[in-house]
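J.: Here you go, one structure.
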Amino acid sequence: MSYDLTLRIWRGDASGGDFVDYTVPAEDGEVVLDAVHRVQANLAGDMAVRWNCKAGKCGSCSAEVNGRPRLMCLARLSTFPRDEAIVLTPLRTFPVVRDLVTDVSFNYRKAELVPAFEPTAEQPVAPFRMAQVDVERSQEFRKCIECWICQDVCHVIRDHEDNKPAFSGPRFFIRYAELDMHPNDARDRKRLVQEERGLGMCNITKCCTEVCPEGIKITDNGIIPMKERVVDVKYDPLVRFLSRRRRGA
Amino acid sequence: MSAVVLTAFVVYATVAAFWNADYYYRPYISPFYSPCLVAGCHLSAESYTSGRVNVPHLTVLGYWWVISPAILILVFPLGFRLTCYYYRRTYYRAFWRSPPACAVAEPHGSYSGETRFPLILQNVHRYFFYAGLVFNAILTYDAVVAFRNHAGQWGHVGLGTFVLVVNALLLWMYSLGCHSCRHIVGGRLKHFSRHPVRFRMWGLVSKLNARHMQFAWASLIWVALTDLYVRLAASGTIHGGWV
């Protein structure tokens with residue numbers, strides 16, 4: 001059944017902006033992105049919004065819907081009260097380009113800093129043979145669609161711009177975890193991720209996990225295991241002693 | 001809500017720890033006072049039925065230790081919970097407001113996370129986990145002993161037996177689902193396939209770990225209730241064969 005939906009969308013650019021209300025017809029079963037497209041097609045042809053697949057797989061249409069970072073294509077209108085405006089703002093952690101589009105290049109700079117996969121001497125060239133249980137472990141992290149919502153919600157950089165140079169963010173911590181758990185990767189990134197990528201800044205408040213549209217257990221399966229691995233090499237004298245003995249044996 | 005429950009527990013535990021009486025009603029001993037490591041335990045624990053009672057204790061410290069023996073015990077479970085990854089999430093949000101909630105601005109001007117003293121000490125969590133296992137074993141022993149009656153004969157099952165058994169079970173579920181435990185049993189491996197036993201154990205711990213929050217709250221509340229129950233029995237507030 002059709003009804004009139006009001007979207008309160010932030011319009012502006014890096015120099016500033018304000019909220020503008022748009023009322024468009026909406027249907028049961030639609031998502032926020034459908035309504036945004038209707039606004040763009042009928043009321044605000046110059047409104048900038050990034051989108052691609054409309055299926056929660058490309059990670060393009062990230063925005064803050066009523067203050068919560070999420071994909072607009074997965075935000076069902078039926079979950080919002082019909083008599084209240086839905087407020088849309090760009091991702092707060094990244095600089096605004098225009099309207100709902102932000103400059104997320106911070107993330108690509110952090111991606112460049114991740115040391116690449118380095119095969120072990122045991123299997124130096126592809127194809128690598130891996131047992132299914134070992135594949136499945138890191139497969140969870142490979143579901144990441146790089147929508148940057150976890151990066152946006154992380155208070156370490158969301159509320160503290162000055163931490164950006166020293167902090168890679170949850171998306172990349174699971175990338176480090178994925179590589180560190182890979183049975184055929186020889187490179188040790190534990191000290192690097194702690195000392196230069198800011199893993200220690202994470203205080204595991206799990207917001208990244210709460211907002212992940214792919215349902216990746218970022219904190220429990222990625223960040224905390226990585227913190228524990230860092231403890232092994234930096235803070236646990238017993239493990240370090242036993243590791244030295246094992247290597248010496 | 002989390003802040004209210006945690007504050008209530010801290011207030012209750014502090015009062016109970018310094019009360020230094022009514023913590024033993026044969027054979028039940030409060031988890032806050034077990035094991036009793038002070039020679040003077042029997043001087044402070046009194047029972048309404050038998051007057052002064054000889055609390056089972058290990059004399060690590062002599063009669064010179066005059067403050068509550070619970071202080072010696074509680075530092076370990078307190079440290080375990082204080083450095084627990086789940087509780088960290090909870091109290092950083094509830095008390096330190098860092099952040100107050102997801103996507104809600106935090107009130108602090110600067111932030112360094114767990115990179116500096118004192119929060120860098122959170123990394124000792126696994127050592128508190130090891131200590132916690134020792135206390136779990138002792139509290140399990142206390143639960144087994146609770147199958148004796150007030151006169152020391154086996155075969156008794158009172159409400160107190162149930163309370164102590166559930167307490168031990170919940171503490172095991174909470175401890176074994178700990179993130180450090182998950183790492184130690186198998187999480188640190190690169191090859192699950194080469195360590196099938198540890199992989200199996202990691203899978204079991206992971207199941208508990210998925211319920212870590214629930215066990216954290218349940219065990220926290222139940223351990224306080226267990227202390228309260230023993231306290232009520234020892235003070236004579238509740239009495240009868242069912243106790």
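We name chains A, B, ... following the order of the structure tokens; residues begin at 1 in each chain, and ligands are numbered from 1 as shown.
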Each residue of chain A with at least one atom at most 6 Å from chain B should appear once, together with its nearest atom pair and the corresponding distance in Å (one decimal); atoms considered: only C-alpha atoms; ordering: chain, then increasing residue number; output as a Markdown table.

T.:
| residue | atom | partner | partner_atom | distance |
| --- | --- | --- | --- | --- |
| A:Asp134 | CA | B:Phe192 | CA | 5.9 |
| A:Val153 | CA | B:Ala103 | CA | 5.4 |
| A:Met181 | CA | B:Lys190 | CA | 5.1 |
| A:Pro183 | CA | B:Lys190 | CA | 4.9 |
| A:Gly200 | CA | B:Thr115 | CA | 5.0 |
| A:Met201 | CA | B:Gly113 | CA | 3.9 |
| A:Cys202 | CA | B:Gly113 | CA | 5.9 |
| A:Asn203 | CA | B:Gly113 | CA | 5.8 |
| A:Ile204 | CA | B:Arg89 | CA | 5.7 |
| A:Thr205 | CA | B:Arg89 | CA | 4.4 |
| A:Cys207 | CA | B:Cys102 | CA | 5.4 |

J.: Under the rule of at most 9 Å, produce a per-residue listing of range 72-187 of chain A near range 62-65 of chain A: chain, number, name, the closest pair of atoms, and the distance in Å, as a Markdown table, using only C-alpha atoms.

T.:
| residue | atom | partner | partner_atom | distance |
| --- | --- | --- | --- | --- |
| A:Met72 | CA | A:Ser62 | CA | 6.2 |
| A:Cys73 | CA | A:Ser62 | CA | 8.6 |
| A:Ala75 | CA | A:Val65 | CA | 8.1 |
| A:Ile86 | CA | A:Val65 | CA | 7.0 |
| A:Val87 | CA | A:Val65 | CA | 5.8 |
| A:Leu88 | CA | A:Val65 | CA | 4.9 |
| A:Thr89 | CA | A:Glu64 | CA | 5.1 |
| A:Pro90 | CA | A:Ala63 | CA | 5.0 |
| A:Leu91 | CA | A:Ala63 | CA | 5.3 |
| A:Arg92 | CA | A:Glu64 | CA | 7.9 |
| A:Leu100 | CA | A:Ala63 | CA | 6.8 |
| A:Val101 | CA | A:Ala63 | CA | 8.3 |
| A:Cys147 | CA | A:Ser62 | CA | 6.2 |
| A:Trp148 | CA | A:Ser62 | CA | 7.5 |
| A:Ile149 | CA | A:Ser62 | CA | 6.6 |

J.: For the residues in that selection, give me all heavy atoms as a compact mmCIF listing (two decimals), in the first residue's frame.

T.:
# COMPACT_ATOMS: atom_id res chain seq x y z
N MET A 72 21.87 1.76 2.68
CA MET A 72 20.49 2.22 2.41
C MET A 72 19.69 1.15 1.68
O MET A 72 18.47 1.09 1.82
CB MET A 72 20.54 3.51 1.59
CG MET A 72 21.03 4.70 2.38
SD MET A 72 20.80 6.25 1.50
CE MET A 72 22.09 6.14 0.27
N CYS A 73 20.37 0.28 0.94
CA CYS A 73 19.64 -0.73 0.18
C CYS A 73 19.17 -1.88 1.08
O CYS A 73 18.39 -2.73 0.64
CB CYS A 73 20.48 -1.27 -0.96
SG CYS A 73 21.91 -2.22 -0.42
N ALA A 75 18.06 -1.11 4.28
CA ALA A 75 17.23 -0.48 5.32
C ALA A 75 15.77 -0.48 4.85
O ALA A 75 15.36 0.37 4.06
CB ALA A 75 17.72 0.95 5.58
N ILE A 86 12.54 10.12 7.89
CA ILE A 86 13.78 9.35 7.99
C ILE A 86 14.93 10.30 7.68
O ILE A 86 14.93 10.97 6.64
CB ILE A 86 13.78 8.15 7.01
CG1 ILE A 86 12.67 7.18 7.38
CG2 ILE A 86 15.14 7.47 7.00
CD1 ILE A 86 12.50 6.03 6.41
N VAL A 87 15.88 10.38 8.60
CA VAL A 87 16.98 11.34 8.45
C VAL A 87 18.19 10.64 7.82
O VAL A 87 18.64 9.60 8.31
CB VAL A 87 17.38 11.92 9.83
CG1 VAL A 87 18.51 12.94 9.68
CG2 VAL A 87 16.17 12.57 10.49
N LEU A 88 18.68 11.21 6.74
CA LEU A 88 19.84 10.64 6.04
C LEU A 88 20.99 11.63 6.06
O LEU A 88 20.84 12.79 5.66
CB LEU A 88 19.47 10.32 4.58
CG LEU A 88 18.37 9.29 4.35
CD1 LEU A 88 18.10 9.13 2.87
CD2 LEU A 88 18.77 7.95 4.95
N THR A 89 22.14 11.14 6.52
CA THR A 89 23.35 11.97 6.52
C THR A 89 24.50 11.17 5.94
O THR A 89 24.47 9.93 5.95
CB THR A 89 23.72 12.42 7.96
OG1 THR A 89 23.75 11.26 8.80
CG2 THR A 89 22.72 13.42 8.52
N PRO A 90 25.52 11.85 5.43
CA PRO A 90 26.69 11.11 4.92
C PRO A 90 27.48 10.49 6.08
O PRO A 90 27.31 10.89 7.23
CB PRO A 90 27.51 12.20 4.21
CG PRO A 90 27.09 13.48 4.85
CD PRO A 90 25.66 13.30 5.27
N LEU A 91 28.35 9.54 5.76
CA LEU A 91 29.19 8.91 6.78
C LEU A 91 30.01 9.99 7.49
O LEU A 91 30.69 10.79 6.84
CB LEU A 91 30.14 7.88 6.13
CG LEU A 91 29.47 6.71 5.41
CD1 LEU A 91 30.53 5.80 4.79
CD2 LEU A 91 28.56 5.92 6.34
N ARG A 92 29.91 10.01 8.82
CA ARG A 92 30.48 11.13 9.56
C ARG A 92 32.00 11.09 9.65
O ARG A 92 32.67 12.11 9.79
CB ARG A 92 29.89 11.15 10.97
CG ARG A 92 29.97 12.50 11.63
CD ARG A 92 29.44 12.45 13.03
NE ARG A 92 30.55 12.30 13.98
CZ ARG A 92 30.38 12.12 15.28
NH1 ARG A 92 29.17 12.03 15.77
NH2 ARG A 92 31.41 12.01 16.08
N LEU A 100 25.28 12.98 0.00
CA LEU A 100 25.49 11.73 0.73
C LEU A 100 26.79 11.03 0.34
O LEU A 100 27.05 9.91 0.80
CB LEU A 100 24.31 10.78 0.50
CG LEU A 100 22.95 11.28 1.01
CD1 LEU A 100 21.84 10.28 0.69
CD2 LEU A 100 22.99 11.53 2.53
N VAL A 101 27.58 11.68 -0.47
CA VAL A 101 28.83 11.05 -0.94
C VAL A 101 30.01 11.57 -0.13
O VAL A 101 30.18 12.78 0.03
CB VAL A 101 29.05 11.33 -2.44
CG1 VAL A 101 30.40 10.79 -2.90
CG2 VAL A 101 27.93 10.69 -3.25
N CYS A 147 32.17 -1.80 2.64
CA CYS A 147 31.19 -0.70 2.64
C CYS A 147 31.66 0.42 3.56
O CYS A 147 31.09 1.49 3.57
CB CYS A 147 29.84 -1.23 3.10
SG CYS A 147 29.87 -1.92 4.77
N TRP A 148 32.66 0.13 4.38
CA TRP A 148 33.31 1.08 5.30
C TRP A 148 32.40 1.52 6.44
O TRP A 148 32.67 2.51 7.12
CB TRP A 148 33.85 2.32 4.57
CG TRP A 148 34.63 1.98 3.33
CD1 TRP A 148 34.37 2.44 2.07
CD2 TRP A 148 35.77 1.12 3.21
NE1 TRP A 148 35.29 1.92 1.17
CE2 TRP A 148 36.16 1.09 1.85
CE3 TRP A 148 36.51 0.35 4.12
CZ2 TRP A 148 37.22 0.36 1.38
CZ3 TRP A 148 37.57 -0.39 3.64
CH2 TRP A 148 37.92 -0.38 2.29
N ILE A 149 31.33 0.78 6.65
CA ILE A 149 30.44 1.14 7.75
C ILE A 149 31.12 0.89 9.09
O ILE A 149 30.98 1.67 10.03
CB ILE A 149 29.11 0.35 7.63
CG1 ILE A 149 28.30 0.90 6.46
CG2 ILE A 149 28.29 0.45 8.91
CD1 ILE A 149 26.98 0.18 6.23

J.: Excluding range 163-175 of chain B and residues on its chain fewer than 6 positions from it, collect all residues at most 6 Å away from it, counting only C-alpha atoms, and give them as a ChimeraX atom specification.

T.: /B:139-140,143,215-216,219,223

J.: Can you tell me, as an NGL selection string, which residues in range 4-249 of chain A count as alpha helix (DSSP H) by DSSP?

T.: :A and (32-42 or 105-112 or 132-139 or 149-153 or 155-158 or 170-180 or 190-195 or 207-211 or 224-234 or 237-248)

J.: Extract the full set of strand (DSSP E) residues from chain B according to DSSP on the backbone, and format it as JSON, numbers by chain.

T.: {"B": [24, 25, 28, 29, 36, 37, 38, 46, 47, 51, 52, 57, 58, 59, 60, 61]}

J.: Those residues you just picked out, can you put them in a file as an mmCIF file, in the first residue's frame with N, CA and C atoms?

T.:
data_model
loop_
_atom_site.group_PDB
_atom_site.id
_atom_site.type_symbol
_atom_site.label_atom_id
_atom_site.label_comp_id
_atom_site.auth_asym_id
_atom_site.auth_seq_id
_atom_site.Cartn_x
_atom_site.Cartn_y
_atom_site.Cartn_z
ATOM 1 N N TYR B 24 29.974 -18.889 56.483
ATOM 2 C CA TYR B 24 30.065 -20.348 56.486
ATOM 3 C C TYR B 24 28.919 -20.939 57.276
ATOM 4 N N TYR B 25 28.189 -21.832 56.621
ATOM 5 C CA TYR B 25 27.147 -22.598 57.294
ATOM 6 C C TYR B 25 27.372 -24.036 56.847
ATOM 7 N N TYR B 28 28.217 -25.353 53.685
ATOM 8 C CA TYR B 28 28.257 -24.334 52.635
ATOM 9 C C TYR B 28 29.213 -23.211 53.013
ATOM 10 N N ILE B 29 30.040 -22.844 52.051
ATOM 11 C CA ILE B 29 30.917 -21.687 52.264
ATOM 12 C C ILE B 29 30.672 -20.688 51.133
ATOM 13 N N CYS B 36 39.487 -20.179 52.261
ATOM 14 C CA CYS B 36 39.840 -19.292 53.353
ATOM 15 C C CYS B 36 41.327 -19.499 53.658
ATOM 16 N N LEU B 37 42.112 -18.476 53.460
ATOM 17 C CA LEU B 37 43.570 -18.624 53.533
ATOM 18 C C LEU B 37 44.173 -18.078 54.819
ATOM 19 N N VAL B 38 43.321 -17.792 55.789
ATOM 20 C CA VAL B 38 43.784 -17.112 56.992
ATOM 21 C C VAL B 38 43.535 -17.982 58.220
ATOM 22 N N GLU B 46 30.877 -17.293 62.298
ATOM 23 C CA GLU B 46 30.072 -17.864 63.361
ATOM 24 C C GLU B 46 28.801 -18.441 62.783
ATOM 25 N N SER B 47 28.329 -19.462 63.431
ATOM 26 C CA SER B 47 27.083 -20.065 62.998
ATOM 27 C C SER B 47 26.049 -19.899 64.100
ATOM 28 N N GLY B 51 27.536 -21.775 67.257
ATOM 29 C CA GLY B 51 28.481 -20.779 67.718
ATOM 30 C C GLY B 51 29.661 -20.714 66.774
ATOM 31 N N ARG B 52 30.852 -20.595 67.323
ATOM 32 C CA ARG B 52 32.017 -20.516 66.470
ATOM 33 C C ARG B 52 32.262 -21.864 65.798
ATOM 34 N N HIS B 57 40.088 -24.302 56.220
ATOM 35 C CA HIS B 57 40.949 -23.249 55.700
ATOM 36 C C HIS B 57 42.372 -23.748 55.495
ATOM 37 N N LEU B 58 43.086 -23.031 54.684
ATOM 38 C CA LEU B 58 44.503 -23.287 54.452
ATOM 39 C C LEU B 58 45.246 -22.125 55.097
ATOM 40 N N THR B 59 46.088 -22.451 56.035
ATOM 41 C CA THR B 59 46.733 -21.356 56.754
ATOM 42 C C THR B 59 47.935 -20.837 55.968
ATOM 43 N N VAL B 60 47.626 -19.934 55.075
ATOM 44 C CA VAL B 60 48.696 -19.273 54.336
ATOM 45 C C VAL B 60 49.162 -18.051 55.114
ATOM 46 N N LEU B 61 48.201 -17.383 55.743
ATOM 47 C CA LEU B 61 48.527 -16.219 56.556
ATOM 48 C C LEU B 61 48.078 -16.483 57.989
#

J.: List the spatial neighbours of Val230 in chain A as number ranges by chain - criterion: any atom at most 12 Å away, only C-alpha atoms, same-chain residues fewer than 5 positions off excluded.

T.: A: 176-177, 180, 188-195, 198-200, 223-225, 235-236, 239-240; B: 123-124, 180, 183, 188

J.: Output C-alpha atoms for every residue in that selection, as a tab-separated table (two decimals), in the first residue's frame.

T.:
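Full text of part10.tsv as output:
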chain	number	residue	atom	x	y	z
A	176	TYR	CA	45.52	-8.72	9.24
A	177	ALA	CA	43.78	-11.50	11.15
A	180	ASP	CA	47.84	-14.19	10.22
A	188	ASP	CA	54.46	-12.16	10.92
A	189	ARG	CA	52.35	-9.00	11.20
A	190	LYS	CA	51.53	-9.12	14.92
A	191	ARG	CA	53.94	-6.44	16.13
A	192	LEU	CA	53.21	-4.34	13.08
A	193	VAL	CA	49.46	-4.35	13.67
A	194	GLN	CA	49.92	-3.47	17.34
A	195	GLU	CA	52.71	-0.92	17.10
A	198	GLY	CA	46.73	0.90	16.13
A	199	LEU	CA	45.23	-2.43	17.21
A	200	GLY	CA	45.83	-1.42	20.83
A	223	ILE	CA	40.09	-8.33	16.50
A	224	ILE	CA	40.14	-10.23	19.79
A	225	PRO	CA	42.01	-13.24	18.34
A	235	TYR	CA	53.06	-9.25	26.70
A	236	ASP	CA	53.09	-12.89	27.75
A	239	VAL	CA	54.50	-17.95	25.86
A	240	ARG	CA	57.60	-16.12	24.70
B	123	ASN	CA	46.66	-7.72	28.25
B	124	VAL	CA	47.20	-9.80	31.39
B	180	SER	CA	41.69	-16.08	26.09
B	183	HIS	CA	42.88	-18.59	21.92
B	188	ARG	CA	46.58	-19.42	18.15

J.: I'd like the interatomic distance between CA of Leu72 in chain B and CA of Thr161 in chain B, to a tenth of an Å.

T.: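 Separation of CA of Leu72 in chain B and CA of Thr161 in chain B: 24.8 Å.
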
J.: Hey, can you check how far CA of Asn66 in chain A sits from CA of Lys110 in chain A?

T.: 28.2 Å

J.: May I have the residues within 6 Å of Cys61 in chain A as number ranges by chain, using only C-alpha atoms and disregarding those fewer than 3 positions away in the same chain?

T.: A: 50-51, 71-72

J.: Store the residues of this selection in a file with N, CA and C atoms, as a short mmCIF file (atom, residue, chain, number, x, y, z; two decimals), in the first residue's frame.

T.:
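The resulting part-v1.cif:
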data_model
loop_
_atom_site.label_atom_id
_atom_site.label_comp_id
_atom_site.auth_asym_id
_atom_site.auth_seq_id
_atom_site.Cartn_x
_atom_site.Cartn_y
_atom_site.Cartn_z
N ARG A 50 25.84 7.69 -3.76
CA ARG A 50 26.63 6.61 -4.36
C ARG A 50 25.86 5.30 -4.19
N TRP A 51 25.69 4.55 -5.25
CA TRP A 51 25.00 3.26 -5.17
C TRP A 51 25.43 2.41 -6.36
N LEU A 71 23.72 0.28 5.21
CA LEU A 71 23.51 0.34 3.76
C LEU A 71 22.06 0.75 3.52
N MET A 72 21.87 1.76 2.68
CA MET A 72 20.49 2.22 2.41
C MET A 72 19.69 1.15 1.68
#

J.: For Phe94 in chain A, which residue out of A:Glu136, A:Glu210, A:Asp152, A:Glu228 is the nearest one, using only C-alpha atoms?

T.: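 Nearest to Phe94 in chain A: A:Asp152.
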
J.: Could you name the residues that touch Gly40 in chain B at 10 Å or less, counting only C-alpha atoms, but leaving out those on the same chain fewer than 5 positions away, as a PyMOL selection string?

T.: chain B and resi 45+54-55+57+59+61-69

J.: Please produce a file of those selected residues containing N, CA, C and O atoms, as a compact mmCIF listing (two decimals), in the first residue's frame.

T.:
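Contents of result-v1.txt, as written:
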# COMPACT_ATOMS: atom_id res chain seq x y z
N ALA B 45 34.03 -16.47 61.48
CA ALA B 45 32.83 -17.09 60.93
C ALA B 45 32.06 -17.76 62.05
O ALA B 45 32.53 -18.67 62.69
N ASN B 54 34.65 -24.19 62.93
CA ASN B 54 35.97 -24.26 62.33
C ASN B 54 35.83 -24.30 60.81
O ASN B 54 35.57 -25.34 60.22
N VAL B 55 35.97 -23.16 60.19
CA VAL B 55 35.86 -23.09 58.74
C VAL B 55 37.04 -23.82 58.13
O VAL B 55 38.18 -23.62 58.55
N HIS B 57 40.09 -24.30 56.22
CA HIS B 57 40.95 -23.25 55.70
C HIS B 57 42.37 -23.75 55.49
O HIS B 57 42.79 -24.77 56.06
N THR B 59 46.09 -22.45 56.03
CA THR B 59 46.73 -21.36 56.75
C THR B 59 47.94 -20.84 55.97
O THR B 59 49.07 -21.26 56.17
N LEU B 61 48.20 -17.38 55.74
CA LEU B 61 48.53 -16.22 56.56
C LEU B 61 48.08 -16.48 57.99
O LEU B 61 47.02 -17.08 58.22
N GLY B 62 48.87 -16.03 58.93
CA GLY B 62 48.60 -16.31 60.34
C GLY B 62 47.56 -15.39 60.95
O GLY B 62 46.84 -14.67 60.25
N TYR B 63 47.53 -15.42 62.26
CA TYR B 63 46.51 -14.63 62.98
C TYR B 63 46.72 -13.12 62.84
O TYR B 63 45.85 -12.35 63.17
N TRP B 64 47.93 -12.75 62.39
CA TRP B 64 48.19 -11.31 62.25
C TRP B 64 47.31 -10.68 61.17
O TRP B 64 47.11 -9.48 61.16
N TRP B 65 46.78 -11.51 60.27
CA TRP B 65 45.91 -10.96 59.22
C TRP B 65 44.53 -10.74 59.84
O TRP B 65 43.80 -11.69 60.12
N VAL B 66 44.19 -9.52 60.08
CA VAL B 66 42.97 -9.25 60.83
C VAL B 66 41.81 -8.74 59.97
O VAL B 66 40.67 -8.76 60.41
N ILE B 67 42.11 -8.30 58.76
CA ILE B 67 40.98 -7.86 57.92
C ILE B 67 40.38 -9.06 57.21
O ILE B 67 40.88 -10.17 57.32
N SER B 68 39.32 -8.82 56.51
CA SER B 68 38.56 -9.92 55.92
C SER B 68 39.40 -10.78 54.98
O SER B 68 40.09 -10.25 54.10
N PRO B 69 39.33 -12.12 55.13
CA PRO B 69 40.08 -12.99 54.21
C PRO B 69 39.54 -12.93 52.78
O PRO B 69 40.21 -13.34 51.84

J.: For Pro213 in chain A, work out the shell of residues within 10 Å, counting only C-alpha atoms and skipping chain neighbours fewer than 6 positions away, then give it as a PyMOL selection string.

T.: chain A and resi 56-57+59+70-71+74+143-145+147+149-150

J.: Mind giving me the straight-line distance from CA of Tyr22 in chain A to CA of Asp46 in chain A in Å, one decimal?

T.: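 Distance between the two atoms: 13.5 Å.
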
J.: Which of these residues is nearest to Pro119 in chain A, using only C-alpha atoms: A:Thr93, A:Ile218, A:Thr102, A:Ala186?

T.: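 Smallest separation from Pro119 in chain A among the options: A:Ala186.
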
J.: Which of these residues is nearest to Arg98 in chain A, using only C-alpha atoms: A:Glu178, A:Asp162, A:Glu84, A:Asp18?

T.: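 Answer, going by the shortest atom-to-atom distance: A:Asp18.
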
J.: Just checking: using only C-alpha atoms, which residue out of A:His37, A:Leu7, A:Arg175, A:Pro95 ends up closest to Glu112 in chain A?

T.: A:Arg175
